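Participant: Next comes the structure file target-v3.txt, holding compact mmCIF, C-alpha atoms.
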```
# COMPACT_ATOMS: atom_id res chain seq x y z
CA MET A 37 19.05 203.49 69.92
CA GLY A 38 17.52 206.61 68.46
CA LYS A 39 13.81 207.07 68.18
CA ARG A 40 12.22 206.12 64.86
CA LYS A 41 10.82 209.00 62.90
CA LYS A 42 7.06 208.95 62.57
CA LEU A 43 5.66 209.12 59.07
CA SER A 44 3.65 212.20 58.36
CA ALA A 45 0.02 211.99 57.25
CA TRP A 46 1.15 212.96 53.76
CA SER A 47 3.66 210.09 53.67
CA TRP A 48 1.01 207.60 54.82
CA MET A 49 -1.29 208.82 52.05
CA MET A 50 1.44 208.40 49.42
CA TRP A 51 2.20 204.86 50.61
CA PHE A 52 -1.49 204.00 50.51
CA LEU A 53 -1.91 205.29 46.95
CA TYR A 54 1.22 203.43 45.86
CA ALA A 55 -0.11 200.16 47.32
CA VAL A 56 -3.49 200.59 45.60
CA ALA A 57 -1.85 201.37 42.26
CA THR A 58 0.45 198.35 42.55
CA GLY A 59 -2.50 196.10 43.38
CA CYS A 60 -4.43 197.29 40.32
CA VAL A 61 -1.46 196.57 38.06
CA ILE A 62 -1.11 193.05 39.49
CA VAL A 63 -4.82 192.36 38.95
CA GLN A 64 -4.65 193.60 35.35
CA ILE A 65 -1.61 191.43 34.60
CA SER A 66 -3.29 188.40 36.20
CA LEU A 67 -6.43 188.87 34.12
CA PHE A 68 -4.42 189.24 30.94
CA VAL A 69 -2.27 186.17 31.56
CA PHE A 70 -4.61 183.75 33.27
CA VAL A 71 -8.15 184.49 32.10
CA ASP A 72 -9.14 182.49 29.00
CA ASP A 73 -10.56 184.44 26.09
CA ASP A 74 -13.68 182.24 26.32
CA SER A 75 -14.67 184.19 29.45
CA ALA A 76 -15.29 187.28 27.35
CA SER A 77 -18.87 188.17 26.57
CA PRO A 78 -20.34 187.10 23.20
CA GLN A 79 -20.44 190.74 22.17
CA GLN A 80 -16.71 191.11 22.90
CA LYS A 81 -15.87 187.85 21.15
CA ASN A 82 -17.66 188.82 17.96
CA LYS A 83 -16.96 192.53 17.99
CA GLY A 84 -17.27 193.93 14.51
CA GLU A 85 -19.10 190.85 13.17
CA ARG A 86 -22.63 190.92 11.83
CA PRO A 87 -24.83 187.85 11.34
CA ASP A 88 -25.55 188.84 7.73
CA MET A 89 -21.95 189.59 6.72
CA PRO A 90 -19.40 186.83 5.99
CA ALA A 91 -16.74 186.56 8.70
CA LEU A 92 -13.64 184.40 8.92
CA ARG A 93 -13.81 182.61 12.23
CA SER A 94 -10.60 183.21 14.16
CA ARG A 95 -11.42 183.20 17.88
CA GLY A 96 -11.28 179.84 19.63
CA GLN A 97 -9.45 178.27 16.68
CA THR A 98 -5.80 178.63 17.60
CA ASP A 99 -5.19 175.01 16.57
CA MET A 100 -6.72 175.72 13.13
CA ARG A 101 -9.41 173.03 13.44
CA TRP A 102 -12.00 175.30 11.86
CA MET A 103 -9.89 176.08 8.83
CA SER A 104 -8.86 172.44 8.55
CA LEU A 105 -12.50 171.35 8.42
CA HIS A 106 -13.32 174.10 5.94
CA ASP A 107 -10.50 172.99 3.64
CA GLU A 108 -11.69 169.38 3.93
CA TYR A 109 -15.24 170.39 2.96
CA VAL A 110 -14.04 172.41 -0.03
CA ASN A 111 -12.05 169.40 -1.22
CA ILE A 112 -15.09 167.12 -0.81
CA ALA A 113 -17.35 169.54 -2.69
CA ARG A 114 -14.99 169.85 -5.66
CA LYS A 115 -14.68 166.07 -6.01
CA THR A 116 -18.25 165.00 -5.28
CA LYS A 117 -20.79 164.03 -7.92
CA ASN A 118 -24.23 162.40 -7.68
CA LEU A 119 -24.76 163.72 -4.16
CA ASP A 120 -28.32 163.51 -2.89
CA VAL A 121 -28.13 165.71 0.20
CA ILE A 122 -25.61 168.10 1.77
CA PHE A 123 -26.16 169.30 5.35
CA PHE A 124 -24.81 172.70 6.43
CA GLY A 125 -24.77 173.96 10.02
CA ASP A 126 -23.03 174.10 13.38
CA SER A 127 -22.32 171.45 16.05
CA ILE A 128 -25.95 170.28 16.06
CA THR A 129 -25.51 169.33 12.42
CA LEU A 130 -21.97 167.99 12.89
CA HIS A 131 -22.86 165.73 15.85
CA TRP A 132 -25.60 164.10 13.80
CA ILE A 133 -23.00 161.93 12.06
CA ASN A 134 -22.50 160.03 15.34
CA MET A 135 -26.16 159.04 15.61
CA GLN A 136 -28.03 155.98 14.44
CA SER A 137 -30.47 158.08 12.41
CA TRP A 138 -27.55 159.41 10.33
CA LYS A 139 -26.59 155.85 9.47
CA SER A 140 -30.18 155.21 8.47
CA LEU A 141 -30.26 158.28 6.20
CA SER A 142 -26.89 157.24 4.74
CA SER A 143 -28.33 153.87 3.80
CA MET A 144 -31.12 155.58 1.82
CA TYR A 145 -29.28 158.54 0.28
CA LYS A 146 -25.82 159.69 -0.66
CA ILE A 147 -25.20 162.40 1.93
CA LYS A 148 -22.42 164.61 3.30
CA ASN A 149 -22.17 166.71 6.45
CA PHE A 150 -20.65 170.22 6.40
CA GLY A 151 -21.27 171.11 10.04
CA ILE A 152 -18.73 172.92 12.23
CA GLY A 153 -19.19 173.34 15.97
CA GLY A 154 -19.62 176.91 17.21
CA ASP A 155 -20.42 178.42 13.83
CA ARG A 156 -22.74 181.37 13.49
CA THR A 157 -24.54 182.52 10.38
CA GLN A 158 -21.67 184.82 9.40
CA HIS A 159 -19.19 181.93 9.52
CA VAL A 160 -21.34 179.73 7.28
CA LEU A 161 -21.60 182.64 4.84
CA TRP A 162 -17.81 182.90 4.75
CA ARG A 163 -17.49 179.17 4.15
CA MET A 164 -19.99 179.31 1.31
CA ASP A 165 -18.14 182.23 -0.24
CA HIS A 166 -14.84 180.35 -0.09
CA GLY A 167 -15.49 177.10 -1.87
CA GLU A 168 -17.96 175.00 0.06
CA LEU A 169 -20.62 175.47 -2.62
CA ASP A 170 -18.21 174.62 -5.46
CA PHE A 171 -19.63 171.17 -6.10
CA ALA A 172 -18.41 169.18 -9.08
CA GLN A 173 -22.09 168.39 -9.55
CA ALA A 174 -24.88 170.14 -7.66
CA PRO A 175 -26.55 168.06 -4.91
CA GLN A 176 -30.26 167.48 -5.22
CA VAL A 177 -31.01 168.90 -1.77
CA LEU A 178 -29.25 171.22 0.69
CA VAL A 179 -30.39 171.19 4.33
CA LEU A 180 -29.48 174.27 6.36
CA MET A 181 -29.88 174.56 10.14
CA ILE A 182 -27.99 177.52 11.62
CA GLY A 183 -28.41 180.39 14.07
CA THR A 184 -28.42 178.97 17.58
CA ASN A 185 -24.91 180.30 18.33
CA ASN A 186 -26.00 183.81 17.39
CA LEU A 187 -28.75 183.98 19.98
CA ASP A 188 -26.63 185.28 22.85
CA SER A 189 -25.34 188.29 20.92
CA ASP A 190 -27.68 189.09 18.00
CA GLU A 191 -31.34 189.92 17.46
CA PRO A 192 -33.65 187.34 15.84
CA GLN A 193 -34.39 189.45 12.74
CA ASP A 194 -30.66 190.01 12.14
CA ILE A 195 -29.88 186.30 12.52
CA ALA A 196 -32.68 185.50 10.09
CA GLU A 197 -31.19 187.94 7.60
CA GLY A 198 -27.94 185.98 7.83
CA ALA A 199 -29.77 182.70 7.23
CA PHE A 200 -31.49 184.08 4.14
CA GLN A 201 -28.24 185.54 2.88
CA ALA A 202 -27.13 181.90 2.87
CA THR A 203 -30.21 180.68 0.98
CA ASP A 204 -29.68 183.47 -1.58
CA ARG A 205 -26.13 182.22 -2.16
CA ILE A 206 -27.36 178.65 -2.56
CA ARG A 207 -29.98 179.69 -5.10
CA GLU A 208 -27.42 181.68 -7.04
CA ARG A 209 -24.71 179.01 -7.07
CA LEU A 210 -26.80 175.82 -7.08
CA LYS A 211 -29.82 176.76 -9.17
CA HIS A 212 -31.30 173.26 -9.34
CA THR A 213 -30.74 172.33 -5.69
CA LYS A 214 -33.76 172.24 -3.42
CA ILE A 215 -33.26 174.10 -0.13
CA ILE A 216 -34.65 172.80 3.15
CA LEU A 217 -34.41 175.31 6.01
CA VAL A 218 -34.75 173.74 9.46
CA GLY A 219 -35.75 175.64 12.59
CA ILE A 220 -33.32 175.46 15.50
CA PRO A 221 -34.04 173.35 18.61
CA PRO A 222 -34.93 174.92 21.98
CA ARG A 223 -32.21 176.53 24.05
CA SER A 224 -32.24 176.13 27.85
CA LYS A 225 -34.41 173.96 30.06
CA PHE A 226 -37.31 176.28 30.80
CA PRO A 227 -39.68 178.12 28.43
CA ASN A 228 -39.32 181.58 29.98
CA ASN A 229 -35.56 181.73 29.44
CA LYS A 230 -34.49 184.80 27.45
CA ILE A 231 -32.40 182.82 24.97
CA ARG A 232 -35.23 180.29 24.48
CA LEU A 233 -37.65 183.11 23.67
CA LYS A 234 -35.21 184.66 21.19
CA GLY A 235 -34.86 181.29 19.49
CA GLU A 236 -38.62 180.92 19.19
CA SER A 237 -38.86 184.40 17.69
CA TYR A 238 -36.09 183.52 15.24
CA ASN A 239 -37.89 180.35 14.15
CA ARG A 240 -41.13 182.29 13.55
CA ILE A 241 -39.29 184.77 11.34
CA LEU A 242 -37.62 181.94 9.42
CA LYS A 243 -40.97 180.26 8.79
CA GLU A 244 -42.72 183.43 7.62
CA ARG A 245 -39.91 184.53 5.31
CA ALA A 246 -39.31 181.04 3.95
CA GLN A 247 -42.96 180.82 2.88
CA LYS A 248 -42.70 184.15 1.09
CA LYS A 249 -39.49 183.07 -0.65
CA GLY A 250 -40.82 179.65 -1.64
CA ILE A 251 -38.30 177.79 0.53
CA GLU A 252 -39.21 174.57 2.28
CA PHE A 253 -39.22 175.11 6.04
CA ILE A 254 -39.27 172.37 8.63
CA GLU A 255 -40.10 173.20 12.21
CA PHE A 256 -37.82 171.46 14.67
CA PRO A 257 -39.69 168.46 16.12
CA VAL A 258 -41.26 168.72 19.56
CA VAL A 259 -38.68 167.93 22.25
CA VAL A 260 -40.35 169.70 25.19
CA ASN A 261 -43.10 168.48 27.50
CA GLU A 262 -46.53 170.05 27.96
CA ASP A 263 -45.03 172.63 30.32
CA GLY A 264 -42.39 173.64 27.79
CA VAL A 265 -39.51 171.99 29.65
CA PHE A 266 -36.72 170.69 27.42
CA GLU A 267 -36.77 167.01 28.35
CA ARG A 268 -33.53 165.27 29.37
CA GLU A 269 -34.33 162.36 27.05
CA PHE A 270 -33.83 164.77 24.14
CA THR A 271 -30.83 166.86 25.24
CA THR A 272 -27.42 166.39 26.82
CA ASP A 273 -26.94 169.97 28.01
CA PHE A 274 -30.09 171.89 26.96
CA VAL A 275 -28.34 172.85 23.71
CA HIS A 276 -27.14 169.64 22.07
CA LEU A 277 -29.27 166.64 21.26
CA THR A 278 -29.58 162.97 22.13
CA ASN A 279 -30.14 160.06 19.78
CA LYS A 280 -33.88 160.27 20.41
CA ALA A 281 -34.05 163.93 19.35
CA TYR A 282 -32.06 163.17 16.20
CA ASP A 283 -34.45 160.31 15.43
CA ARG A 284 -37.33 162.78 15.42
CA LEU A 285 -35.36 165.27 13.34
CA ALA A 286 -34.47 162.59 10.79
CA GLU A 287 -38.12 161.57 10.49
CA SER A 288 -39.18 165.15 9.77
CA VAL A 289 -36.41 165.76 7.24
CA ASN A 290 -36.93 162.42 5.52
CA VAL A 291 -40.59 163.20 4.81
CA VAL A 292 -39.37 166.03 2.55
CA LEU A 293 -36.39 164.12 1.18
CA MET A 294 -38.58 161.27 -0.04
CA LYS A 295 -40.57 163.76 -2.13
CA SER A 296 -37.51 165.67 -3.35
CA ILE A 297 -34.87 163.12 -4.35
CA THR A 298 -34.95 161.15 -7.55
CA LYS A 299 -32.74 158.15 -8.21
CA ARG A 300 -29.99 158.92 -10.71
```
Kindly return the structure encoded in the file as structure tokens.
Facilitator:
Amino acid sequence: MGKRKKLSAWSWMMWFLYAVATGCVIVQISLFVFVDDDSASPQQKNKGERPDMPALRSRGQTDMRWMSLHDEYVNIARKTKNLDVIFFGDSITLHWINMQSWKSLSSMYKIKNFGIGGDRTQHVLWRMDHGELDFAQAPQVLVLMIGTNNLDSDEPQDIAEGAFQATDRIRERLKHTKIILVGIPPRSKFPNNKIRLKGESYNRILKERAQKKGIEFIEFPVVVNEDGVFEREFTTDFVHLTNKAYDRLAESVNVVLMKSITKR
């Protein structure tokens, strides 16, 4: 048998570069095919969106659940009369309907829930601009709690601008409806968490601007201990709430409702 030819240094270098290039292509294809879009950063997910500008929510809604809920809410609004209270918000508002305190409020008032999980201020603005304020008869009270989903990508003052863009729309479309703006609950377990601090800043801005605008503001009830730790009895995952937290929220909201709603 003849001797095998040895590869030159140049040939080894070319083979090495070819292997590296091939590996990079494989990695890129794998990331594209197998990595869920939810792994993208909040900034990437909401690229081009602003908290104070209406935005149609498309990401994470490939099964059209968001649009389906929106259409359902528009239909409810256009058919509903003699409504006492309408609640707008995200999953924290939506999940309330599963709690005992919601049943208690329902026994006292005629209420509806227009919450959608994952919504940010810009998504609520879009919903309001596309029929969810088109009530057959204006409700007596509208409760708005929104902004927690913006915290990981937007600044508190910008989120607050989005919230007050919403209250401006309500005042324009539902001139005789009282607005109740509710501060958002704590985010994360510990008080020094960056997101928690942004949420606290956001709530302070809401309170100050609401007072200047003559809007009723309710601070979210205390659900942390004396050290600022978000107690497990009040939260399931340091974002969403337990029955006990909703009980406290209902008590705070009902104090204002009792003064605001008249029997028709």
Participant: Find the residue from A:Thr213, A:Gln201, A:Ser142, A:Ser94 that sits nearest to A:Asp155; use only C-alpha atoms when measuring.
Facilitator: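 Residue with the minimum atom-to-atom distance to A:Asp155: A:Ser94.
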Participant: Quote the spacing between atom CA of A:Asn185 and atom CA of A:Ala113 in Å to one decimal place.
Facilitator: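 Those two atoms sit 24.8 Å apart.
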Participant: Pick the closest to A:Pro257 from A:Ser288, A:Thr129, A:Thr272, A:Asn149: which is it, counting all atoms listed in the file?
Facilitator: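 Checking each candidate against A:Pro257, we get A:Ser288 as the closest.
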Participant: So which one's closest to A:Asp126, A:Ala246, A:Met103, A:Ala174, A:Ile182? Using all atoms listed in the file, please.
Facilitator: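 That would be A:Ile182, the residue with the smallest distance to A:Asp126.
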Participant: Using all atoms listed in the file, pick whichever of A:Ala196, A:Asp190, A:Val218, A:His212 has the shortest atom-to-atom distance to A:Gly125.
Facilitator: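 With all atoms listed in the file as the atom set, the closest residue is A:Val218.
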Participant: Restricting the calculation to only C-alpha atoms, which member of A:Trp132, A:Tyr238, A:Phe253, A:Trp162 is positioned closest to A:Ile215?
Facilitator: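 Once distances to A:Ile215 are computed over only C-alpha atoms, the minimum belongs to A:Phe253.
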Participant: Could you work out how far atom CA of A:Ala91 lies from atom CA of A:His159, giving the answer in Å with one decimal?
Facilitator: 5.3 Å
Participant: Counting all atoms listed in the file, figure out which residue out of A:Arg223, A:Lys146, A:Arg207, A:Lys214 gets nearest to A:Leu178.
Facilitator: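 Smallest separation from A:Leu178 among the options: A:Lys214.
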Participant: Could you check how far atom CA of A:Pro175 sits from atom CA of A:Asn239, in Å to one decimal?
Facilitator: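 Between atom CA of A:Pro175 and atom CA of A:Asn239 the gap works out to 25.4 Å.
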Participant: Could you give me, as CSV, every stretch 157-240 of chain A residue with an atom at most 9 Å from stretch 289-295 of chain A, plus its closest atom pair and distance in Å to one decimal, counting all atoms listed in the file, rows ordered by chain then number?
Facilitator:
```
residue,atom,partner,partner_atom,distance
A:Val177,CA,A:Leu293,CA,7.8
A:Val179,CA,A:Val289,CA,8.6
A:Ile216,CA,A:Val292,CA,8.3
A:Val218,CA,A:Val289,CA,8.4
```
Participant: Just the residues within 9 Å of A:Ile220, please, counting all atoms listed in the file, with nothing from its chain fewer than 6 positions along; format it as a list in words.
Facilitator: Met181, Ile182, Gly183, Thr184, Gly235, Glu236, Tyr238, Asn239, Glu255 and Phe256 of chain A
Participant: Quick one: residues within 9 Å of A:Arg245, all atoms listed in the file counted, chain neighbours fewer than 5 positions away excluded, as a list in words?
Facilitator: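 Answer for this query is Ala196, Phe200, Arg240, Gly250 and Ile251 of chain A.
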Participant: So that I can see what lies close to A:Pro90, please list as a list in words the residues with an atom at most 12 Å from it, counting all atoms listed in the file and leaving out residues fewer than 4 positions away in the same chain.
Facilitator: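 Skipping anything fewer than 4 positions along the chain leaves Gly84, Glu85, Arg86, Asp155, Arg156, Thr157, Gln158, His159, Val160, Leu161, Trp162, Arg163, Met164, Asp165, His166, Glu197, Gly198, Ala199, Gln201, Ala202 and Arg205 of chain A.
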Participant: Which polymer residues, protein or nucleic acid, are no farther than 12 Å from (-35.5, 168.2, 28.4), counting only C-alpha atoms, as a ChimeraX atom specification?
Facilitator: /A:221-227,258-278,280-281
Participant: Save stretch 277-290 of chain A from what I just supplied, as a PDB file, in the first residue's frame, atoms limited to all heavy atoms.
Facilitator:
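And here is the file that came out, result.pdb:
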```
ATOM      1  N   LEU A 277     -52.131  36.582  42.689  1.00  0.00           N
ATOM      2  CA  LEU A 277     -52.643  36.725  44.043  1.00  0.00           C
ATOM      3  C   LEU A 277     -53.466  35.532  44.505  1.00  0.00           C
ATOM      4  O   LEU A 277     -54.043  34.807  43.698  1.00  0.00           O
ATOM      5  CB  LEU A 277     -53.505  37.994  44.129  1.00  0.00           C
ATOM      6  CG  LEU A 277     -52.861  39.286  43.609  1.00  0.00           C
ATOM      7  CD1 LEU A 277     -53.882  40.418  43.617  1.00  0.00           C
ATOM      8  CD2 LEU A 277     -51.636  39.649  44.426  1.00  0.00           C
ATOM      9  N   THR A 278     -53.541  35.379  45.825  1.00  0.00           N
ATOM     10  CA  THR A 278     -54.362  34.343  46.435  1.00  0.00           C
ATOM     11  C   THR A 278     -55.722  34.928  46.803  1.00  0.00           C
ATOM     12  O   THR A 278     -55.953  36.139  46.726  1.00  0.00           O
ATOM     13  CB  THR A 278     -53.695  33.810  47.704  1.00  0.00           C
ATOM     14  OG1 THR A 278     -53.597  34.899  48.654  1.00  0.00           O
ATOM     15  CG2 THR A 278     -52.306  33.247  47.415  1.00  0.00           C
ATOM     16  N   ASN A 279     -56.607  34.056  47.242  1.00  0.00           N
ATOM     17  CA  ASN A 279     -57.918  34.479  47.714  1.00  0.00           C
ATOM     18  C   ASN A 279     -57.817  35.570  48.778  1.00  0.00           C
ATOM     19  O   ASN A 279     -58.581  36.539  48.772  1.00  0.00           O
ATOM     20  CB  ASN A 279     -58.676  33.278  48.291  1.00  0.00           C
ATOM     21  CG  ASN A 279     -59.768  32.777  47.363  1.00  0.00           C
ATOM     22  OD1 ASN A 279     -60.589  33.548  46.879  1.00  0.00           O
ATOM     23  ND2 ASN A 279     -59.765  31.475  47.115  1.00  0.00           N
ATOM     24  N   LYS A 280     -56.875  35.396  49.688  1.00  0.00           N
ATOM     25  CA  LYS A 280     -56.740  36.340  50.802  1.00  0.00           C
ATOM     26  C   LYS A 280     -56.360  37.730  50.305  1.00  0.00           C
ATOM     27  O   LYS A 280     -56.859  38.746  50.815  1.00  0.00           O
ATOM     28  CB  LYS A 280     -55.698  35.830  51.799  1.00  0.00           C
ATOM     29  CG  LYS A 280     -55.658  36.624  53.092  1.00  0.00           C
ATOM     30  CD  LYS A 280     -54.798  35.925  54.137  1.00  0.00           C
ATOM     31  CE  LYS A 280     -54.823  36.695  55.459  1.00  0.00           C
ATOM     32  NZ  LYS A 280     -54.018  36.009  56.493  1.00  0.00           N
ATOM     33  N   ALA A 281     -55.475  37.805  49.315  1.00  0.00           N
ATOM     34  CA  ALA A 281     -55.095  39.104  48.751  1.00  0.00           C
ATOM     35  C   ALA A 281     -56.287  39.746  48.052  1.00  0.00           C
ATOM     36  O   ALA A 281     -56.517  40.959  48.173  1.00  0.00           O
ATOM     37  CB  ALA A 281     -53.929  38.930  47.783  1.00  0.00           C
ATOM     38  N   TYR A 282     -57.049  38.938  47.302  1.00  0.00           N
ATOM     39  CA  TYR A 282     -58.232  39.475  46.630  1.00  0.00           C
ATOM     40  C   TYR A 282     -59.289  39.939  47.634  1.00  0.00           C
ATOM     41  O   TYR A 282     -60.025  40.897  47.372  1.00  0.00           O
ATOM     42  CB  TYR A 282     -58.820  38.437  45.669  1.00  0.00           C
ATOM     43  CG  TYR A 282     -58.090  38.347  44.349  1.00  0.00           C
ATOM     44  CD1 TYR A 282     -57.313  37.235  44.036  1.00  0.00           C
ATOM     45  CD2 TYR A 282     -58.185  39.371  43.411  1.00  0.00           C
ATOM     46  CE1 TYR A 282     -56.647  37.136  42.814  1.00  0.00           C
ATOM     47  CE2 TYR A 282     -57.519  39.289  42.190  1.00  0.00           C
ATOM     48  CZ  TYR A 282     -56.753  38.172  41.900  1.00  0.00           C
ATOM     49  OH  TYR A 282     -56.093  38.099  40.694  1.00  0.00           O
ATOM     50  N   ASP A 283     -59.372  39.272  48.774  1.00  0.00           N
ATOM     51  CA  ASP A 283     -60.300  39.717  49.819  1.00  0.00           C
ATOM     52  C   ASP A 283     -59.961  41.133  50.252  1.00  0.00           C
ATOM     53  O   ASP A 283     -60.839  41.990  50.399  1.00  0.00           O
ATOM     54  CB  ASP A 283     -60.237  38.782  51.025  1.00  0.00           C
ATOM     55  CG  ASP A 283     -60.899  37.434  50.765  1.00  0.00           C
ATOM     56  OD1 ASP A 283     -61.666  37.328  49.789  1.00  0.00           O
ATOM     57  OD2 ASP A 283     -60.642  36.495  51.546  1.00  0.00           O
ATOM     58  N   ARG A 284     -58.678  41.390  50.448  1.00  0.00           N
ATOM     59  CA  ARG A 284     -58.248  42.729  50.869  1.00  0.00           C
ATOM     60  C   ARG A 284     -58.490  43.762  49.775  1.00  0.00           C
ATOM     61  O   ARG A 284     -58.904  44.888  50.042  1.00  0.00           O
ATOM     62  CB  ARG A 284     -56.769  42.710  51.259  1.00  0.00           C
ATOM     63  CG  ARG A 284     -56.485  41.930  52.516  1.00  0.00           C
ATOM     64  CD  ARG A 284     -55.100  42.205  53.070  1.00  0.00           C
ATOM     65  NE  ARG A 284     -54.906  41.532  54.347  1.00  0.00           N
ATOM     66  CZ  ARG A 284     -53.834  41.679  55.124  1.00  0.00           C
ATOM     67  NH1 ARG A 284     -52.836  42.467  54.722  1.00  0.00           N
ATOM     68  NH2 ARG A 284     -53.732  41.042  56.263  1.00  0.00           N
ATOM     69  N   LEU A 285     -58.223  43.348  48.526  1.00  0.00           N
ATOM     70  CA  LEU A 285     -58.455  44.253  47.402  1.00  0.00           C
ATOM     71  C   LEU A 285     -59.940  44.592  47.294  1.00  0.00           C
ATOM     72  O   LEU A 285     -60.312  45.760  47.089  1.00  0.00           O
ATOM     73  CB  LEU A 285     -57.956  43.618  46.107  1.00  0.00           C
ATOM     74  CG  LEU A 285     -58.175  44.413  44.819  1.00  0.00           C
ATOM     75  CD1 LEU A 285     -57.507  45.782  44.893  1.00  0.00           C
ATOM     76  CD2 LEU A 285     -57.650  43.628  43.620  1.00  0.00           C
ATOM     77  N   ALA A 286     -60.791  43.594  47.428  1.00  0.00           N
ATOM     78  CA  ALA A 286     -62.236  43.815  47.331  1.00  0.00           C
ATOM     79  C   ALA A 286     -62.716  44.768  48.422  1.00  0.00           C
ATOM     80  O   ALA A 286     -63.573  45.630  48.173  1.00  0.00           O
ATOM     81  CB  ALA A 286     -62.975  42.480  47.425  1.00  0.00           C
ATOM     82  N   GLU A 287     -62.180  44.618  49.612  1.00  0.00           N
ATOM     83  CA  GLU A 287     -62.566  45.509  50.713  1.00  0.00           C
ATOM     84  C   GLU A 287     -62.218  46.958  50.374  1.00  0.00           C
ATOM     85  O   GLU A 287     -63.022  47.871  50.582  1.00  0.00           O
ATOM     86  CB  GLU A 287     -61.862  45.090  52.004  1.00  0.00           C
ATOM     87  CG  GLU A 287     -62.370  43.789  52.605  1.00  0.00           C
ATOM     88  CD  GLU A 287     -61.550  43.354  53.805  1.00  0.00           C
ATOM     89  OE1 GLU A 287     -60.695  44.151  54.263  1.00  0.00           O
ATOM     90  OE2 GLU A 287     -61.744  42.223  54.285  1.00  0.00           O
ATOM     91  N   SER A 288     -61.017  47.179  49.859  1.00  0.00           N
ATOM     92  CA  SER A 288     -60.583  48.534  49.525  1.00  0.00           C
ATOM     93  C   SER A 288     -61.429  49.134  48.410  1.00  0.00           C
ATOM     94  O   SER A 288     -61.830  50.299  48.481  1.00  0.00           O
ATOM     95  CB  SER A 288     -59.109  48.524  49.105  1.00  0.00           C
ATOM     96  OG  SER A 288     -58.276  48.100  50.159  1.00  0.00           O
ATOM     97  N   VAL A 289     -61.685  48.346  47.377  1.00  0.00           N
ATOM     98  CA  VAL A 289     -62.478  48.835  46.249  1.00  0.00           C
ATOM     99  C   VAL A 289     -63.916  49.097  46.680  1.00  0.00           C
ATOM    100  O   VAL A 289     -64.535  50.096  46.296  1.00  0.00           O
ATOM    101  CB  VAL A 289     -62.429  47.833  45.081  1.00  0.00           C
ATOM    102  CG1 VAL A 289     -63.427  48.218  43.987  1.00  0.00           C
ATOM    103  CG2 VAL A 289     -61.015  47.758  44.500  1.00  0.00           C
ATOM    104  N   ASN A 290     -64.457  48.205  47.502  1.00  0.00           N
ATOM    105  CA  ASN A 290     -65.862  48.328  47.890  1.00  0.00           C
ATOM    106  C   ASN A 290     -66.126  49.580  48.728  1.00  0.00           C
ATOM    107  O   ASN A 290     -67.234  50.131  48.680  1.00  0.00           O
ATOM    108  CB  ASN A 290     -66.313  47.085  48.652  1.00  0.00           C
ATOM    109  CG  ASN A 290     -67.815  47.030  48.803  1.00  0.00           C
ATOM    110  OD1 ASN A 290     -68.554  47.385  47.878  1.00  0.00           O
ATOM    111  ND2 ASN A 290     -68.293  46.607  49.964  1.00  0.00           N
TER     112      ASN A 290
END
```
